[in-house]
Each structure stands twice: as C-alpha cells, then as structure tokens.
Number of protein chains: 2
Amino acid sequence: MSVTKRQPDVTRQILLDAAFAEIHRNGFRAASLDAILSNVGVTKGALYHHFASKNELGYAVVEEIVRPFVEENWKPATEAPNMIDAAIELCRQLTRQRTDMALTNGCPFNNLINEMSSVDEGFRQRLNQILQDWRQGISEATARAQARGHVRKDVDPAAVSAFVISCIEGCVGMGKASQSREFLEAGFRGLIDYLEHLRPEPHES
Amino acid sequence: MSVTKRQPDVTRQILLDAAFAEIHRNGFRAASLDAILSNVGVTKGALYHHFASKNELGYAVVEEIVRPFVEENWKPATEAPNMIDAAIELCRQLTRQRTDMALTNGCPFNNLINEMSSVDEGFRQRLNQILQDWRQGISEATARAQARGHVRKDVDPAAVSAFVISCIEGCVGMGKASQSREFLEAGFRGLIDYLEHLRPEPHES
DNA sequence: GCTCATCCATACTGGTCGGTATGTAATTAG
DNA sequence: CTAATTACATACCGACCAGTATGGATGAGC
C-alpha cells in the first residue's frame, strides 16, 4: 500500500512555484533553498533530483513561470482590434488590480533583470529573450495599428515598443519605493496620456 | 614620528566610495564587506568603528553618495530657462555618455530601490525621500514651465513628474537586460517624443 | 516476481558571511 | 607629561548556505 504516491512532475511544479514566490519576495540570490523547501515540505534530495543547481532552478523559474506571466499581460493587447484602446485598458488594469503584495514586491520580471542580468549571463540571456519577444510583439502590433489608421504614421514602432515597456516597468519599479498607489496612478496617467497622443489627428489619415 | 597619519574622515570616505562601487556592481545584500575592505586595504576594525552595521553603511551610501548622484542629474534641468529643452538634452546625454559599465550595471538608485525597498524599511524610506524630492522638483519645474508658456496647460504636473522619472529609470533598467545601446536609444527617443508633445501647440497661448 | 532506474529523504561538509572581542598605536585633553 | 579617548588592526565565532554522499522506497519493464 502506497501511502504517498510519487508524482515527479507535481513535485517539480511545487518546487517551481515555491521558488518563484521566494524569489519574488527576496530576490534570487537572497532566496534560501532551505526556506523554499521547508515552506512546501519537500527535501533537498527532491530538489537536486529535479534541478542540477540553484541557478538551473532559477532558469526554470524564468522560462516556465516568469515568461508566461509576462506574456499573459501583453499578448491580449497586441491581438485586440484597436491596440491603443487595449493598451490604455491594460494600464487601468495594472493600476487597479494591483494588490499590496504586488505593489511592494514589484514585477518579478523587472526584479530579476535588475538583480541578475549584470551578474549572470544565463539569467541575462533568458530575460533578454523575454524582453525582445515582448518588444517585437508591441512593435509589430504598432505597425499593424499604423496600417489600420489607429496610430500616427510618424512614430517609429521600434521606439514606441522600447519606450512603452520601459514606462510600464519603470512605473511599477518606482511604485515599490513610494509604496503608495498614488505614484503608480500618476505614472500610468502619464503613460495613458502618451498613448492617446499616439492616435492620429482627426484630419490626418 | 608618525609614519601613517590618522585621517578618520578620509578613511570614512574611502569606505563609502568602495562600498558604493561594490554595491553598484553586486547589489547591497550580495556585497561582501571583506571584499570592500580588501579592495581598499582597510580592516574590519576601521569599518565597524565608523559604521554600526552593514545596514548603516548602506544607509550612509544612500544619503551621501546616491542622493547627490541623483540630484546632480536632474537639478540642472529644473533650473534651466526652458525645461523641455533641458530635459531633452539630458536624455541625449544619458544616451550618449553611458559607458559600458553604466550600461551593464544600471542606475544605482534604481538598483537599490528594486532590491531593498521591499525588504528593509530603512532603505525604503531613504530611497523614497530621494524619489519624492526628485518628483517634487520636476513637478514644480513643470508648473513653472506652464506659467511661462513652455508646457501645455492641460497636463498635470503630478502625473508628468511621476511618469518622466519612471521612464528614465525604466529605460536604464531595461537597457541592462538587452545590454545594447540600441534599446536605450530607442527608449529615450520615445521619451523625447513625449517631451516634445508637452510643448504647447503653436496656436495656443 | 525480479531487476533496475527513478524519485526522494537524511545527514553532513566546506566555505562565506556579518559581527565581535581584544589589543594597540595615535591623538587629544587637562 | 599624563590620562583618556579615538582610530584603527587582528583573530575569531556562530550562523547560514549551496551542494553532496548515501541509502532507501517506489514504480516500470521484462
């Protein structure tokens, strides 16, 4: 009789989730493997069976949790009929639905970039790939929106994409310092203002 | 005969500078006191004579090095005759003069916010104070520029200030991941575009 | 039913870190 | 000149941490 079933993939997922939570709270390097393990009642044997090292665990968290998290946020906006409308709505969502935890701990993606990309090439490459995909998604969506007449034709999609991403992460990052929703709201109001200004003038088109 | 003079304040400054460099490279928590000390040939006795703890050393770095560093950047722009011109010129400078080291390691202020503000209240309060001062400086300069007719009157200085700061830190932060000047340039081109759009229309007042 | 690879638990190690205890030389105060 | 305080230097400590060695339990394949 097997009291405890063995479910390798479940164990692996539990470890990934716990690692993500700990990393989000403390950063990667300050994340303690012992803390992660004791939180979910798994032992070090299991961890090192599934992951070769702490770095590899971190890489897996980036690829399997951070990447989907980032993409879930921006993908819908690029597929919407009107990108500007969708982007503005996204700004409102990011302002509104932000819990206290998310306000204090910030964006996991941004956190990892700031902490790890200058220290470990493995992290930098993976995080940069996520960033490049994000940027390309926004860039292509902007070009499409220009073709559809939703965005002014005199702006450069390459600049718009880099700028918008930087704004979002910048606002969330600064929100961590102020720890007040007011800063976040003000920052996103500025971003919404910029997005509105991307729309073509009525006489144009 | 004193072979080695005792210069307490010089020693203290050496420690601060070395700590700042190490923190800029590795972050605060990963910064090793032993590494800092061996870099400048000072011993632990000196360090703990001048600073009560590693945290207090970090606080001193924030107040005495990071704060002036941040203020040196934005103060000139707020005192210029035309804020928009000065801000755009600042963007160009930040893009151009950015060395490889600065590109990889990012902004010390932004780094510390992202790493420490959710973990240690002492850091958060000090960093937040710098941020609030920065914001208020931009905010008041924007209001003055509105009175002078250099900035559109239908924008909110509180939103502009939070947004512009977020953009700058966001661009530099994302630049760390891409580690290419291209991303930085594109982001700042977007910011310059936004700043231009803050100017009043020709027909307006 | 046997074998063997997978999966996980336990106990341990070397190394690093922040911090301290103690001593001593330089400087100042009286 | 002396006493006391300041400004360091050296040696050491306990805590923690990533990683490993080892062994046992489980399930798959034959």
# chains A, B, ... in the order shown; residues from 1 in each chain; ligands from 1
>>> closest_atom_pairs(of="chain B", to="chain A", cutoff="9 Å", atoms="only C-alpha atoms", output="Markdown table")
| residue | atom | partner | partner_atom | distance |
| --- | --- | --- | --- | --- |
| B:Arg25 | CA | A:Ser118 | CA | 7.9 |
| B:Asn26 | CA | A:Val119 | CA | 7.2 |
| B:Gly27 | CA | A:Glu115 | CA | 7.2 |
| B:Arg29 | CA | A:Ala30 | CA | 7.4 |
| B:Ala30 | CA | A:Arg29 | CA | 7.4 |
| B:Thr104 | CA | A:Ser118 | CA | 5.5 |
| B:Asn105 | CA | A:Ser118 | CA | 5.8 |
| B:Gly106 | CA | A:Asn114 | CA | 7.9 |
| B:Asn110 | CA | A:Gly173 | CA | 7.9 |
| B:Asn111 | CA | A:Asn114 | CA | 6.2 |
| B:Ile113 | CA | A:Ala177 | CA | 5.9 |
| B:Asn114 | CA | A:Asn111 | CA | 6.1 |
| B:Glu115 | CA | A:Glu115 | CA | 7.0 |
| B:Met116 | CA | A:Ala177 | CA | 8.9 |
| B:Ser117 | CA | A:Ala177 | CA | 5.7 |
| B:Ser118 | CA | A:Thr104 | CA | 5.5 |
| B:Val119 | CA | A:Asn26 | CA | 7.2 |
| B:Arg124 | CA | A:Ala177 | CA | 5.8 |
| B:Gln125 | CA | A:Ala177 | CA | 7.8 |
| B:Leu127 | CA | A:Ala177 | CA | 6.6 |
| B:Asn128 | CA | A:Ala177 | CA | 5.1 |
| B:Gln129 | CA | A:Ser178 | CA | 8.5 |
| B:Leu131 | CA | A:Ala177 | CA | 7.7 |
| B:Gln132 | CA | A:Ser178 | CA | 7.9 |
| B:Val155 | CA | A:Asp193 | CA | 8.6 |
| B:Asp156 | CA | A:Gly190 | CA | 8.6 |
| B:Ala158 | CA | A:Ala186 | CA | 6.6 |
| B:Ala159 | CA | A:Ala186 | CA | 4.3 |
| B:Val160 | CA | A:Gly190 | CA | 5.8 |
| B:Ser161 | CA | A:Gly187 | CA | 7.9 |
| B:Ala162 | CA | A:Gly187 | CA | 4.8 |
| B:Phe163 | CA | A:Gly187 | CA | 4.2 |
| B:Val164 | CA | A:Gly187 | CA | 7.9 |
| B:Ile165 | CA | A:Gly170 | CA | 7.9 |
| B:Ser166 | CA | A:Gly170 | CA | 4.3 |
| B:Cys167 | CA | A:Cys167 | CA | 4.7 |
| B:Ile168 | CA | A:Gly170 | CA | 7.5 |
| B:Glu169 | CA | A:Gly170 | CA | 5.7 |
| B:Gly170 | CA | A:Gly170 | CA | 3.8 |
| B:Cys171 | CA | A:Ser166 | CA | 4.9 |
| B:Val172 | CA | A:Ser166 | CA | 8.1 |
| B:Gly173 | CA | A:Asn114 | CA | 6.4 |
| B:Met174 | CA | A:Ser166 | CA | 6.3 |
| B:Gly175 | CA | A:Ser166 | CA | 8.9 |
| B:Lys176 | CA | A:Ser117 | CA | 6.5 |
| B:Ala177 | CA | A:Asn128 | CA | 5.1 |
| B:Ser178 | CA | A:Asn128 | CA | 5.5 |
| B:Gln179 | CA | A:Asn128 | CA | 8.6 |
| B:Phe183 | CA | A:Ala162 | CA | 6.3 |
| B:Leu184 | CA | A:Ala162 | CA | 7.9 |
| B:Glu185 | CA | A:Ala159 | CA | 8.1 |
| B:Ala186 | CA | A:Ala159 | CA | 4.3 |
| B:Gly187 | CA | A:Phe163 | CA | 4.2 |
| B:Phe188 | CA | A:Phe163 | CA | 7.0 |
| B:Arg189 | CA | A:Ala159 | CA | 6.1 |
| B:Gly190 | CA | A:Phe163 | CA | 5.2 |
| B:Leu191 | CA | A:Phe163 | CA | 6.8 |
| B:Asp193 | CA | A:Val155 | CA | 8.6 |
| B:Tyr194 | CA | A:Tyr194 | CA | 6.4 |
| B:His197 | CA | A:His197 | CA | 7.9 |
>>> residues_around(residues="A:Met83", least_positions_apart="6", cutoff="8 Å", atoms="only C-alpha atoms (C1' of nucleotides)", output="list in words")
Ala77, Ala141, Thr142, Ala145 and His150 of chain A
>>> select_by_dssp(residues="stretch 77-110 of chain A", states="alpha helix (DSSP H)", output="JSON, numbers by chain")
{"A": [77, 78, 79, 83, 84, 85, 86, 87, 88, 89, 90, 91, 92, 93, 94, 95, 96, 100, 101, 102, 103, 104, 105, 108, 109, 110]}
>>> write_last_selection(atoms="N, CA and C atoms", output="PDB file, in the first residue's frame")
ATOM      1  N   ALA A  77      -3.241  42.578 -25.488  1.00  0.00           N
ATOM      2  CA  ALA A  77      -3.288  43.935 -26.020  1.00  0.00           C
ATOM      3  C   ALA A  77      -2.881  43.986 -27.486  1.00  0.00           C
ATOM      4  N   THR A  78      -1.954  43.121 -27.891  1.00  0.00           N
ATOM      5  CA  THR A  78      -1.488  43.160 -29.276  1.00  0.00           C
ATOM      6  C   THR A  78      -2.488  42.512 -30.224  1.00  0.00           C
ATOM      7  N   GLU A  79      -3.376  41.693 -29.668  1.00  0.00           N
ATOM      8  CA  GLU A  79      -4.331  40.989 -30.533  1.00  0.00           C
ATOM      9  C   GLU A  79      -5.675  41.699 -30.598  1.00  0.00           C
ATOM     10  N   MET A  83      -5.244  48.628 -30.809  1.00  0.00           N
ATOM     11  CA  MET A  83      -4.161  48.456 -29.852  1.00  0.00           C
ATOM     12  C   MET A  83      -4.158  49.542 -28.784  1.00  0.00           C
ATOM     13  N   ILE A  84      -4.391  50.772 -29.179  1.00  0.00           N
ATOM     14  CA  ILE A  84      -4.349  51.883 -28.221  1.00  0.00           C
ATOM     15  C   ILE A  84      -5.412  51.709 -27.143  1.00  0.00           C
ATOM     16  N   ASP A  85      -6.619  51.408 -27.564  1.00  0.00           N
ATOM     17  CA  ASP A  85      -7.679  51.161 -26.588  1.00  0.00           C
ATOM     18  C   ASP A  85      -7.271  50.051 -25.623  1.00  0.00           C
ATOM     19  N   ALA A  86      -6.750  48.975 -26.176  1.00  0.00           N
ATOM     20  CA  ALA A  86      -6.391  47.830 -25.342  1.00  0.00           C
ATOM     21  C   ALA A  86      -5.250  48.177 -24.400  1.00  0.00           C
ATOM     22  N   ALA A  87      -4.277  48.932 -24.884  1.00  0.00           N
ATOM     23  CA  ALA A  87      -3.136  49.298 -24.048  1.00  0.00           C
ATOM     24  C   ALA A  87      -3.580  50.187 -22.900  1.00  0.00           C
ATOM     25  N   ILE A  88      -4.468  51.129 -23.194  1.00  0.00           N
ATOM     26  CA  ILE A  88      -4.971  52.018 -22.141  1.00  0.00           C
ATOM     27  C   ILE A  88      -5.738  51.210 -21.101  1.00  0.00           C
ATOM     28  N   GLU A  89      -6.549  50.300 -21.602  1.00  0.00           N
ATOM     29  CA  GLU A  89      -7.298  49.450 -20.665  1.00  0.00           C
ATOM     30  C   GLU A  89      -6.327  48.642 -19.793  1.00  0.00           C
ATOM     31  N   LEU A  90      -5.249  48.166 -20.408  1.00  0.00           N
ATOM     32  CA  LEU A  90      -4.241  47.413 -19.644  1.00  0.00           C
ATOM     33  C   LEU A  90      -3.625  48.293 -18.546  1.00  0.00           C
ATOM     34  N   CYS A  91      -3.329  49.530 -18.872  1.00  0.00           N
ATOM     35  CA  CYS A  91      -2.795  50.456 -17.862  1.00  0.00           C
ATOM     36  C   CYS A  91      -3.755  50.580 -16.693  1.00  0.00           C
ATOM     37  N   ARG A  92      -5.024  50.737 -17.000  1.00  0.00           N
ATOM     38  CA  ARG A  92      -6.030  50.871 -15.942  1.00  0.00           C
ATOM     39  C   ARG A  92      -6.056  49.623 -15.081  1.00  0.00           C
ATOM     40  N   GLN A  93      -6.006  48.471 -15.747  1.00  0.00           N
ATOM     41  CA  GLN A  93      -5.999  47.206 -15.001  1.00  0.00           C
ATOM     42  C   GLN A  93      -4.801  47.131 -14.077  1.00  0.00           C
ATOM     43  N   LEU A  94      -3.631  47.424 -14.631  1.00  0.00           N
ATOM     44  CA  LEU A  94      -2.409  47.325 -13.831  1.00  0.00           C
ATOM     45  C   LEU A  94      -2.476  48.252 -12.621  1.00  0.00           C
ATOM     46  N   THR A  95      -3.116  49.402 -12.795  1.00  0.00           N
ATOM     47  CA  THR A  95      -3.245  50.316 -11.663  1.00  0.00           C
ATOM     48  C   THR A  95      -4.233  49.764 -10.640  1.00  0.00           C
ATOM     49  N   ARG A  96      -5.372  49.300 -11.132  1.00  0.00           N
ATOM     50  CA  ARG A  96      -6.475  48.933 -10.258  1.00  0.00           C
ATOM     51  C   ARG A  96      -6.220  47.639  -9.498  1.00  0.00           C
ATOM     52  N   ASP A 100      -1.575  44.834  -2.537  1.00  0.00           N
ATOM     53  CA  ASP A 100      -0.499  45.415  -1.734  1.00  0.00           C
ATOM     54  C   ASP A 100       0.793  44.635  -1.937  1.00  0.00           C
ATOM     55  N   MET A 101       0.648  43.328  -2.010  1.00  0.00           N
ATOM     56  CA  MET A 101       1.830  42.475  -2.202  1.00  0.00           C
ATOM     57  C   MET A 101       2.520  42.814  -3.516  1.00  0.00           C
ATOM     58  N   ALA A 102       1.728  42.917  -4.559  1.00  0.00           N
ATOM     59  CA  ALA A 102       2.296  43.222  -5.869  1.00  0.00           C
ATOM     60  C   ALA A 102       2.897  44.626  -5.879  1.00  0.00           C
ATOM     61  N   LEU A 103       2.304  45.522  -5.099  1.00  0.00           N
ATOM     62  CA  LEU A 103       2.823  46.887  -5.043  1.00  0.00           C
ATOM     63  C   LEU A 103       4.188  46.918  -4.356  1.00  0.00           C
ATOM     64  N   THR A 104       4.308  46.161  -3.277  1.00  0.00           N
ATOM     65  CA  THR A 104       5.574  46.155  -2.542  1.00  0.00           C
ATOM     66  C   THR A 104       6.651  45.359  -3.256  1.00  0.00           C
ATOM     67  N   ASN A 105       6.276  44.217  -3.781  1.00  0.00           N
ATOM     68  CA  ASN A 105       7.289  43.332  -4.354  1.00  0.00           C
ATOM     69  C   ASN A 105       7.580  43.628  -5.815  1.00  0.00           C
ATOM     70  N   PRO A 108       8.022  40.693 -11.044  1.00  0.00           N
ATOM     71  CA  PRO A 108       9.072  39.669 -10.947  1.00  0.00           C
ATOM     72  C   PRO A 108      10.070  39.765 -12.093  1.00  0.00           C
ATOM     73  N   PHE A 109       9.576  40.081 -13.254  1.00  0.00           N
ATOM     74  CA  PHE A 109      10.440  40.197 -14.433  1.00  0.00           C
ATOM     75  C   PHE A 109      11.438  41.331 -14.251  1.00  0.00           C
ATOM     76  N   ASN A 110      10.932  42.483 -13.900  1.00  0.00           N
ATOM     77  CA  ASN A 110      11.797  43.640 -13.677  1.00  0.00           C
ATOM     78  C   ASN A 110      12.788  43.379 -12.540  1.00  0.00           C
TER      79      ASN A 110
END
>>> residues_around(residues="C:DT28", least_positions_apart="2", cutoff="12 Å", atoms="only C-alpha atoms (C1' of nucleotides)", output="VMD selection string")
(chain C and resid 26 30) or (chain D and resid 2 to 6)
>>> interface_residues(of="chain A", to="chain C", cutoff="9 Å", atoms="only C-alpha atoms (C1' of nucleotides)", output="ChimeraX atom specification")
/A:6-8,42-47,49
>>> write_last_selection(atoms="C-alpha atoms", output="PDB file, in the first residue's frame")
ATOM      1  CA  ARG A   6       5.034   9.579  -6.292  1.00  0.00           C
ATOM      2  CA  GLN A   7       4.252  12.325  -8.727  1.00  0.00           C
ATOM      3  CA  PRO A   8       7.508  13.682 -10.105  1.00  0.00           C
ATOM      4  CA  VAL A  42       9.964  18.881   0.256  1.00  0.00           C
ATOM      5  CA  THR A  43      13.530  17.879   0.917  1.00  0.00           C
ATOM      6  CA  LYS A  44      16.788  18.771  -0.688  1.00  0.00           C
ATOM      7  CA  GLY A  45      17.058  15.359  -2.262  1.00  0.00           C
ATOM      8  CA  ALA A  46      13.965  16.037  -4.329  1.00  0.00           C
ATOM      9  CA  LEU A  47      15.168  19.456  -5.357  1.00  0.00           C
ATOM     10  CA  HIS A  49      16.947  15.407  -8.328  1.00  0.00           C
TER      11      HIS A  49
END
>>> interface_residues(of="chain D", to="chain A", cutoff="8 Å", atoms="only C-alpha atoms (C1' of nucleotides)", output="ChimeraX atom specification")
/D:17-18,26
>>> write_last_selection(atoms="N, CA and C atoms (P, O5', C5', C4', C3', O3' and C1' of nucleotides)", output="PDB file, in the first residue's frame")
ATOM      1  P    DC D  17      20.157  30.511   4.828  1.00  0.00           P
ATOM      2  O5'  DC D  17      20.770  30.816   3.402  1.00  0.00           O
ATOM      3  C5'  DC D  17      22.107  31.345   3.288  1.00  0.00           C
ATOM      4  C4'  DC D  17      22.972  30.417   2.447  1.00  0.00           C
ATOM      5  C3'  DC D  17      22.149  29.369   1.712  1.00  0.00           C
ATOM      6  O3'  DC D  17      22.190  29.616   0.327  1.00  0.00           O
ATOM      7  C1'  DC D  17      24.109  28.425   2.693  1.00  0.00           C
ATOM      8  P    DA D  18      21.177  28.855  -0.653  1.00  0.00           P
ATOM      9  O5'  DA D  18      22.175  28.030  -1.582  1.00  0.00           O
ATOM     10  C5'  DA D  18      23.201  28.737  -2.256  1.00  0.00           C
ATOM     11  C4'  DA D  18      24.281  27.766  -2.695  1.00  0.00           C
ATOM     12  C3'  DA D  18      23.803  26.675  -3.645  1.00  0.00           C
ATOM     13  O3'  DA D  18      24.796  26.508  -4.656  1.00  0.00           O
ATOM     14  C1'  DA D  18      24.721  25.692  -1.680  1.00  0.00           C
ATOM     15  P    DT D  26       7.196   2.768  -0.224  1.00  0.00           P
ATOM     16  O5'  DT D  26       7.062   3.053  -1.787  1.00  0.00           O
ATOM     17  C5'  DT D  26       7.128   4.391  -2.251  1.00  0.00           C
ATOM     18  C4'  DT D  26       7.412   4.395  -3.745  1.00  0.00           C
ATOM     19  C3'  DT D  26       6.444   3.539  -4.576  1.00  0.00           C
ATOM     20  O3'  DT D  26       5.608   4.414  -5.323  1.00  0.00           O
ATOM     21  C1'  DT D  26       8.709   3.363  -5.313  1.00  0.00           C
TER      22       DT D  26
END
>>> atom_distance(atom1="atom CA of B:Val62", atom2="atom CA of B:Arg98")
21.4 Å
>>> atom_distance(atom1="atom C1' of D:DA7", atom2="atom CA of B:Val10")
12.0 Å
>>> atom_distance(atom1="atom CA of B:Pro76", atom2="atom CA of B:Glu196")
18.7 Å
